[in-house]
file query07.txt (compact mmCIF, C-alpha atoms)
# COMPACT_ATOMS: atom_id res chain seq x y z
CA MET A 1 -15.58 14.03 -14.79
CA ARG A 2 -14.51 10.77 -13.16
CA LYS A 3 -17.17 8.27 -12.22
CA PHE A 4 -17.74 7.61 -8.58
CA SER A 5 -16.55 4.08 -7.74
CA LEU A 6 -18.50 2.45 -4.91
CA LYS A 7 -16.19 -0.54 -5.01
CA LYS A 8 -13.09 1.61 -4.43
CA LEU A 9 -14.84 3.45 -1.63
CA ILE A 10 -15.69 0.19 0.13
CA VAL A 11 -12.12 -1.04 -0.26
CA GLY A 12 -10.82 2.22 1.15
CA VAL A 13 -13.15 2.04 4.15
CA VAL A 14 -12.10 -1.56 4.86
CA VAL A 15 -8.42 -0.63 4.67
CA LEU A 16 -8.91 2.33 6.99
CA ALA A 17 -10.87 0.17 9.42
CA GLY A 18 -8.09 -2.41 9.40
CA ILE A 19 -5.48 0.26 10.11
CA ALA A 20 -7.62 1.70 12.89
CA GLY A 21 -8.04 -1.76 14.41
CA LEU A 22 -4.30 -2.39 14.23
CA ILE A 23 -3.56 0.92 15.94
CA HIS A 24 -6.15 0.13 18.62
CA ASN A 25 -4.62 -3.30 19.30
CA ILE A 26 -1.12 -1.86 19.45
CA GLY A 27 -2.39 0.72 21.93
CA ARG A 28 -3.97 -1.96 24.10
CA GLU A 29 -0.78 -4.06 24.06
CA TYR A 30 1.27 -1.01 25.02
CA GLN A 31 -1.07 -0.18 27.89
CA ALA A 32 -0.93 -3.78 29.11
CA SER A 33 2.87 -3.77 29.17
CA HIS A 34 3.09 -0.17 30.44
CA PRO A 35 0.35 0.15 33.10
CA PRO A 36 -0.33 3.67 34.32
CA GLN A 37 1.65 4.66 37.37
CA THR A 38 -0.15 5.15 40.66
CA ASP A 39 0.95 7.96 42.95
CA LEU A 40 0.88 6.16 46.29
CA SER A 41 1.44 9.41 48.18
CA ARG A 42 -2.10 10.44 47.22
CA LEU A 43 -3.58 7.32 48.84
CA THR A 44 -4.35 6.62 52.48
CA PRO A 45 -2.31 3.82 54.08
CA ALA A 46 -5.28 1.47 53.72
CA GLN A 47 -5.73 2.36 50.04
CA ALA A 48 -2.02 1.97 49.26
CA LEU A 49 -1.83 -1.39 51.03
CA ALA A 50 -4.94 -2.67 49.25
CA HIS A 51 -3.59 -1.46 45.89
CA CYS A 52 -0.21 -3.16 46.34
CA ARG A 53 -1.70 -6.33 47.75
CA ALA A 54 -4.09 -6.65 44.79
CA ILE A 55 -1.23 -6.37 42.27
CA TRP A 56 0.85 -8.92 44.18
CA THR A 57 -1.89 -11.51 44.65
CA ALA A 58 -2.93 -11.27 41.00
CA GLY A 59 -0.04 -13.62 40.25
CA GLN A 60 0.17 -15.76 43.39
CA TYR A 61 -1.70 -16.77 46.53
CA ASP A 62 -2.21 -14.28 49.35
CA GLN A 63 0.65 -15.36 51.61
CA PRO A 64 0.78 -13.59 55.00
CA PRO A 65 4.05 -11.61 55.22
CA LEU A 66 6.60 -12.13 57.97
CA ALA A 67 7.27 -8.39 58.03
CA LEU A 68 5.78 -5.30 56.40
CA SER A 69 6.38 -1.55 56.20
CA TRP A 70 4.50 1.42 54.75
CA HIS A 71 5.48 4.98 53.94
CA PRO A 72 3.77 7.48 51.62
CA ASN A 73 5.76 6.46 48.54
CA GLY A 74 5.87 2.71 48.93
CA VAL A 75 5.18 -0.56 50.69
CA ASP A 76 7.76 -3.26 51.49
CA TRP A 77 6.99 -6.78 52.69
CA TYR A 78 8.89 -10.00 53.28
CA VAL A 79 7.69 -13.58 52.89
CA LEU A 80 8.94 -17.14 53.20
CA GLU A 81 9.91 -18.44 49.77
CA GLY A 82 11.32 -21.87 49.07
CA VAL A 83 12.60 -24.26 51.70
CA ASP A 84 14.83 -21.83 53.62
CA ALA A 85 13.18 -20.70 56.87
CA ALA A 86 16.23 -18.64 57.90
CA SER A 87 15.75 -16.04 55.18
CA MET A 88 12.87 -14.04 53.74
CA ARG A 89 12.23 -12.68 50.24
CA HIS A 90 11.50 -8.98 49.77
CA TYR A 91 8.75 -7.56 47.58
CA GLY A 92 8.36 -3.83 47.07
CA CYS A 93 5.53 -1.69 45.73
CA THR A 94 6.04 1.82 44.32
CA ALA A 95 4.33 3.94 41.70
CA ARG A 96 5.73 1.55 39.07
CA GLY A 97 4.00 -1.48 40.57
CA VAL A 98 5.27 -4.54 42.48
CA GLU A 99 8.78 -5.89 42.02
CA GLN A 100 10.55 -8.86 43.55
CA GLY A 101 13.63 -8.00 45.59
CA GLY A 102 16.40 -9.97 47.24
CA ARG A 103 16.62 -12.29 50.20
CA TYR A 104 17.47 -11.10 53.70
CA ARG A 105 18.43 -12.94 56.84
CA ARG A 106 15.47 -13.13 59.18
CA PRO A 107 15.93 -10.97 62.31
CA ALA A 108 16.49 -12.84 65.57
CA GLN A 109 13.11 -11.69 66.85
CA ALA A 110 11.40 -13.35 63.88
CA SER A 111 13.52 -16.48 63.55
CA ALA A 112 11.92 -19.88 63.72
CA PRO A 113 12.17 -21.98 66.88
CA SER A 114 14.83 -24.66 66.57
CA GLY A 115 13.55 -27.62 64.58
CA SER A 116 10.47 -25.79 63.29
CA ASP A 117 9.45 -26.46 59.69
CA GLU A 118 7.03 -23.57 59.64
CA GLY A 119 9.60 -20.89 60.36
CA GLY A 120 7.33 -19.05 62.80
CA PHE A 121 4.81 -18.63 60.00
CA SER A 122 1.27 -17.85 61.09
CA ALA A 123 -1.45 -18.29 58.50
CA GLU A 124 -4.03 -16.89 60.91
CA LEU A 125 -2.73 -13.31 60.91
CA ASN A 126 -2.00 -11.23 57.84
CA LEU A 127 -0.01 -8.04 58.39
CA PHE A 128 -1.74 -6.47 55.38
CA ASP A 129 -5.06 -6.78 57.21
CA ARG A 130 -3.61 -5.44 60.44
CA ALA A 131 -1.98 -2.43 58.77
CA ALA A 132 -5.16 -1.60 56.86
CA SER A 133 -6.64 -0.11 60.07
CA LEU A 134 -3.83 2.47 60.40
CA LYS A 135 -4.92 6.06 60.98
CA ALA A 136 -3.22 8.46 58.59
CA ASP A 137 -3.23 11.41 61.05
CA HIS A 138 0.38 12.49 61.72
CA LEU A 139 1.68 9.08 60.62
CA LEU A 140 4.84 9.27 58.50
CA ALA A 141 5.66 5.55 58.30
CA TYR A 142 4.86 2.18 59.82
CA GLU A 143 6.71 -1.11 60.36
CA ALA A 144 5.48 -4.44 61.69
CA MET A 145 7.06 -7.85 62.19
CA LEU A 146 5.51 -11.21 62.99
CA LYS A 147 7.22 -13.13 65.78
CA PRO A 148 7.15 -16.91 66.26
CA GLY A 149 3.83 -17.89 67.78
CA GLY A 150 1.91 -15.08 66.10
CA ALA A 151 2.77 -12.03 68.25
CA VAL A 152 3.31 -8.77 66.34
CA VAL A 153 5.77 -5.96 67.10
CA GLU A 154 5.19 -2.56 65.49
CA ARG A 155 7.03 0.73 65.05
CA LEU A 156 5.04 3.90 64.28
CA TRP A 157 6.77 7.01 62.95
CA THR A 158 5.03 10.33 63.57
CA ALA A 159 6.00 13.91 62.82
CA GLY A 160 8.42 15.53 65.25
CA ALA A 161 8.86 12.49 67.49
CA ASP A 162 10.94 9.37 67.86
CA PRO A 163 9.21 6.22 66.61
CA ARG A 164 6.89 4.49 69.05
CA THR A 165 7.34 0.73 69.45
CA GLN A 166 4.45 -1.51 70.39
CA PRO A 167 4.52 -3.36 72.77
CA ALA A 168 6.52 -0.70 74.58
CA ALA A 169 9.13 -3.04 76.08
CA THR A 170 9.93 -4.71 72.74
CA PRO A 171 13.62 -4.66 71.77
CA GLY A 172 14.41 -2.74 68.61
CA PHE A 173 14.28 -4.60 65.31
CA PRO A 174 15.96 -3.81 61.97
CA ALA A 175 14.45 -1.21 59.66
CA LEU A 176 12.13 -2.79 57.13
CA PHE A 177 12.36 -0.03 54.50
CA THR A 178 14.60 -0.86 51.55
CA ALA A 179 15.06 2.88 50.97
CA PRO A 180 14.92 5.29 53.95
CA PRO A 181 11.76 7.42 53.69
CA THR A 182 12.24 11.17 53.66
CA GLY A 183 12.13 12.84 57.06
CA LEU A 184 12.88 9.78 59.22
CA ALA A 185 15.89 9.64 61.53
CA MET A 186 17.14 6.22 60.43
CA ALA A 187 20.85 6.54 61.24
CA SER A 188 20.65 4.75 64.59
CA HIS A 189 18.56 1.82 63.40
CA LEU A 190 19.87 -1.59 62.46
CA LEU A 191 19.51 -2.74 58.86
CA LEU A 192 18.45 -6.09 57.49
CA VAL A 193 21.34 -8.31 56.41
CA PRO A 194 21.15 -9.21 52.69
CA LEU A 195 22.13 -12.67 51.49
CA ALA A 196 24.80 -12.93 48.79
CA ARG A 197 23.23 -13.88 45.50
CA LYS A 198 24.84 -16.07 42.86
CA ASN A 199 25.26 -15.49 39.16
CA TRP A 200 25.28 -19.04 37.87
CA VAL A 201 26.49 -18.33 34.33
CA ARG A 202 29.35 -16.14 35.56
CA LYS A 203 30.55 -18.83 37.97
CA PRO A 204 29.36 -22.21 36.66
CA LYS A 205 31.50 -23.97 39.27
CA ASP A 206 28.95 -22.81 41.85
CA VAL A 207 26.30 -24.82 39.98
CA PHE A 208 28.22 -28.07 40.27
CA ASP A 209 29.17 -27.33 43.89
CA LEU A 210 25.48 -26.82 44.66
CA LEU A 211 24.42 -30.02 42.95
CA ALA A 212 27.09 -32.12 44.65
CA GLY A 213 24.82 -32.24 47.69
CA GLU A 214 21.61 -32.56 45.69
CA ALA A 215 22.53 -35.28 43.19
CA PRO A 216 25.32 -37.43 44.68
CA PRO A 217 26.10 -40.86 43.14
CA PRO A 218 24.29 -43.02 42.24
CA VAL A 219 21.76 -40.30 41.29
CA ARG A 220 21.71 -39.84 37.53
CA ILE A 221 20.90 -36.56 35.77
CA ALA A 222 18.38 -36.59 32.93
CA ALA A 223 18.60 -32.86 32.20
CA LEU A 224 20.20 -29.74 33.65
CA SER A 225 20.00 -26.07 32.71
CA PHE A 226 21.02 -22.80 34.29
CA ASN A 227 20.98 -19.10 33.52
CA GLU A 228 21.91 -16.03 35.51
CA SER A 229 19.44 -16.60 38.33
CA THR A 230 17.99 -20.13 38.13
CA VAL A 231 19.19 -23.73 38.11
CA ASN A 232 16.79 -26.43 36.89
CA LEU A 233 17.69 -30.06 37.58
CA THR A 234 15.94 -33.25 36.42
CA ILE A 235 16.99 -36.66 37.74
CA VAL A 236 16.04 -40.16 36.68
CA GLY A 237 13.25 -41.40 38.99
CA PRO A 238 11.10 -43.09 40.11
CA THR A 239 9.53 -40.11 41.86
CA PRO A 240 6.38 -40.45 44.03
CA ARG A 241 3.21 -38.73 42.89
CA SER A 242 -0.04 -38.27 44.77
CA GLU A 243 -1.25 -41.22 46.80
CA GLY A 244 -2.65 -43.93 44.55
CA ASP A 245 -0.82 -42.78 41.41
CA SER A 246 2.12 -44.65 39.92
CA PRO A 247 5.53 -42.99 40.35
CA ALA A 248 6.83 -40.59 37.70
CA PRO A 249 9.93 -41.60 35.73
CA TYR A 250 11.74 -38.36 36.56
CA GLY A 251 11.97 -35.78 39.34
CA THR A 252 12.71 -32.08 39.04
CA ALA A 253 13.99 -29.36 41.36
CA ARG A 254 14.50 -25.63 40.87
CA PHE A 255 17.00 -23.42 42.71
CA ASP A 256 16.92 -19.62 42.83
CA GLU A 257 19.81 -17.16 42.63
CA TYR A 258 20.72 -17.96 46.24
CA GLY A 259 20.85 -21.73 45.71
CA ILE A 260 17.59 -22.28 47.62
CA ARG A 261 15.19 -24.97 46.45
CA SER A 262 11.66 -23.93 45.59
CA MET A 263 10.20 -27.00 47.33
CA ARG A 264 11.23 -29.97 49.45
CA GLY A 265 11.77 -33.27 47.68
CA TRP A 266 11.36 -33.81 43.95
CA ASN A 267 8.52 -32.68 41.74
CA PRO A 268 7.26 -35.64 39.64
CA GLN A 269 7.87 -35.24 35.93
CA ASP A 270 6.95 -37.32 32.89
CA ALA A 271 9.28 -37.83 29.95
CA ALA A 272 10.02 -34.76 27.84
CA PRO A 273 12.14 -34.04 24.74
CA GLY A 274 15.81 -33.68 25.59
CA PHE A 275 15.82 -35.87 28.72
CA CYS A 276 18.52 -38.57 28.94
CA GLN A 277 16.60 -41.78 29.62
CA GLN A 278 19.54 -43.48 31.32
CA GLY A 279 20.88 -40.30 32.85
CA ARG A 280 24.47 -39.33 33.61
CA GLU A 281 26.21 -38.94 36.95
CA LEU A 282 27.06 -35.38 37.98
CA ALA A 283 30.81 -35.91 37.59
CA GLU A 284 30.40 -36.79 33.92
CA VAL A 285 27.97 -33.93 33.29
CA ALA A 286 30.40 -31.45 34.86
CA ALA A 287 33.42 -32.88 33.01
CA ARG A 288 31.68 -32.49 29.67
CA PHE A 289 30.83 -28.89 30.50
CA TRP A 290 34.42 -27.96 31.34
CA GLN A 291 35.57 -29.42 28.01
CA LEU A 292 33.79 -26.59 26.21
CA LYS A 293 35.81 -23.56 25.23
CA GLU A 294 32.78 -21.36 26.03
CA ALA A 295 32.47 -22.73 29.58
CA ASN A 296 33.92 -19.54 31.10
CA GLU A 297 32.60 -17.18 28.42
CA PRO A 298 31.62 -13.90 30.18
CA GLY A 299 28.70 -13.42 27.80
CA LEU A 300 27.13 -16.84 28.43
CA LEU A 301 23.34 -16.55 28.73
CA VAL A 302 22.04 -20.11 29.14
CA ALA A 303 23.60 -23.56 29.45
CA ALA A 304 21.55 -26.74 29.02
CA PHE A 305 22.46 -30.44 29.19
CA GLY A 306 20.40 -33.30 27.79
CA CYS A 307 20.23 -36.09 25.21
CA ALA A 308 19.19 -36.07 21.58
CA SER A 309 17.14 -38.64 19.60
CA GLY A 310 14.38 -39.22 22.11
CA GLY A 311 16.70 -39.43 25.07
CA THR A 312 18.74 -42.40 23.83
CA GLY A 313 21.21 -40.53 21.64
CA GLU A 314 24.18 -38.30 22.28
CA ALA A 315 24.63 -36.58 25.61
CA LEU A 316 25.48 -32.94 24.97
CA TRP A 317 25.59 -29.41 26.28
CA LYS A 318 24.02 -26.47 24.43
CA LEU A 319 25.30 -23.01 25.31
CA ARG A 320 23.57 -19.82 24.22
CA LEU A 321 25.66 -16.72 23.72
CA PRO A 322 24.49 -13.21 22.75
CA ASN A 323 24.10 -12.61 19.00
CA ARG A 324 25.23 -16.15 18.17
CA ARG A 325 23.57 -19.42 17.35
CA ASP A 326 23.48 -22.14 19.99
CA SER A 327 26.85 -23.79 20.42
CA THR A 328 26.49 -27.59 20.70
CA GLN A 329 29.61 -29.23 22.05
CA GLY A 330 30.88 -32.09 24.19
CA THR A 331 28.92 -34.89 22.54
CA ALA A 332 29.42 -38.54 23.52
CA ARG A 333 27.65 -41.77 22.66
CA PRO A 334 26.04 -43.48 25.68
call {"tool": "encode", "arguments": {"input": "query07.txt", "output": "structure tokens"}}
result
Amino acid sequence: MRKFSLKKLIVGVVVLAGIAGLIHNIGREYQASHPPQTDLSRLTPAQALAHCRAIWTAGQYDQPPLALSWHPNGVDWYVLEGVDAASMRHYGCTARGVEQGGRYRRPAQASAPSGSDEGGFSAELNLFDRAASLKADHLLAYEAMLKPGGAVVERLWTAGADPRTQPAATPGFPALFTAPPTGLAMASHLLLVPLARKNWVRKPKDVFDLLAGEAPPPVRIAALSFNESTVNLTIVGPTPRSEGDSPAPYGTARFDEYGIRSMRGWNPQDAAPGFCQQGRELAEVAARFWQLKEANEPGLLVAAFGCASGGTGEALWKLRLPNRRDSTQGTARP
């Protein structure tokens, strides 16, 4: 008869506990990356709006939308994003959660007065709050749009009837649903006009065309990178900081897939690895890019320009392609 080994038993328990802990952590990570879906059709309008708003504001401030719509399976809203007051960015909420959509031209009724920097934006009224008081009885869908000055126009869809617009004499405005809800007669309604998005790595020329107006001579580029949807530009400063602080040596700007800046002016930036201390003019940066055989590679993922050796060495481009190491080309001594 074999002797009972307490030591082996303890080791076995520890191993099993470790495996159990690993499985538990894997489960938690999976749940975090795959949150349970929420059936919005089972929620009241107020509950659905609160649910979607909470997910959205978990990652950013609670910006009042310019326009908003609700139907039993989803919520759509549109906000100012970046420096362009003539367009609005769509966000949509479904059972899967909140996703960022594209940009649309702002309807004439919601356009900013000429010369306005605020774009008709009213921080005093939030359409989420207004829509939260909706009564669910017989309501199939709801749309609302904020007009310059803070006035709101609404469209209420009820069963067996044409939509009711409030105020009654308000001209019709484009449908705010990105997908027509079931049971609504949408054929006669205008649609929002989408903006054409860029794919920077498919058409790199668009990057240099964009930057021609953003970094003309004698502006010098310290670093530049772009991927499918974003262009990041760093120029040699000085760039103002907050009042009382000394200027930063560099300034940065980011552009989205429509070529729209995220903010006015330049964001102050201290030195970072890969920056060219002396910078290069855009014409030189572009010329070095077009020297690369991979410049028009359809599979290009990311392109980045900068300088090695603490910013005083070679100026070069690094291109990243799928399933390949970075391709470093176009080097030149300053």
call {"tool": "closest_atom_pairs", "arguments": {"input": "query07.txt", "of": "stretch 131-215 of chain A", "to": "stretch 77-92 of chain A", "cutoff": "9 Å", "atoms": "all atoms listed in the file", "output": "tab-separated table"}}
result
residue	atom	partner	partner_atom	distance
A:Leu176	CA	A:Trp77	CA	7.9
A:Phe177	CA	A:Trp77	CA	8.8
A:Thr178	CA	A:Gly92	CA	8.2
A:Leu195	CA	A:Ser87	CA	8.1
call {"tool": "residues_around", "arguments": {"input": "query07.txt", "residues": "A:Val285", "least_positions_apart": "6", "cutoff": "12 Å", "atoms": "all atoms listed in the file", "output": "PyMOL selection string"}}
result
chain A and resi 207-208+211-212+215+219-225+233+276+279+291-292+303-307+315-317+330-332
call {"tool": "residues_around", "arguments": {"input": "query07.txt", "residues": "A:Leu192", "least_positions_apart": "6", "cutoff": "8 Å", "atoms": "only C-alpha atoms", "output": "PyMOL selection string"}}
result
chain A and resi 104-107+174-176
call {"tool": "closest_residue", "arguments": {"input": "query07.txt", "among": "A:Glu228, A:Asp137, A:Asp62, A:Glu284", "to": "A:Pro298", "atoms": "all atoms listed in the file"}}
result
A:Glu228
call {"tool": "atom_distance", "arguments": {"input": "query07.txt", "atom1": "atom CA of A:Val302", "atom2": "atom CA of A:Leu282"}}
result
18.3 Å
call {"tool": "closest_residue", "arguments": {"input": "query07.txt", "among": "A:Asp129, A:Ala287, A:Gly299, A:Gly101", "to": "A:Glu257", "atoms": "all atoms listed in the file"}}
result
A:Gly101
call {"tool": "closest_residue", "arguments": {"input": "query07.txt", "among": "A:Ala185, A:Leu66, A:Ala286, A:Ala58", "to": "A:Gly149", "atoms": "only C-alpha atoms"}}
result
A:Leu66
call {"tool": "closest_residue", "arguments": {"input": "query07.txt", "among": "A:Leu210, A:Ala253, A:Val98, A:Val231", "to": "A:Gln37", "atoms": "only C-alpha atoms"}}
result
A:Val98
call {"tool": "closest_residue", "arguments": {"input": "query07.txt", "among": "A:Thr234, A:Phe128, A:Asn267, A:Asn227", "to": "A:Leu321", "atoms": "only C-alpha atoms"}}
result
A:Asn227
call {"tool": "residues_around", "arguments": {"input": "query07.txt", "residues": "A:Leu125", "least_positions_apart": "3", "cutoff": "10 Å", "atoms": "only C-alpha atoms", "output": "ChimeraX atom specification"}}
result
/A:64-66,121-122,128-130,146,150-152
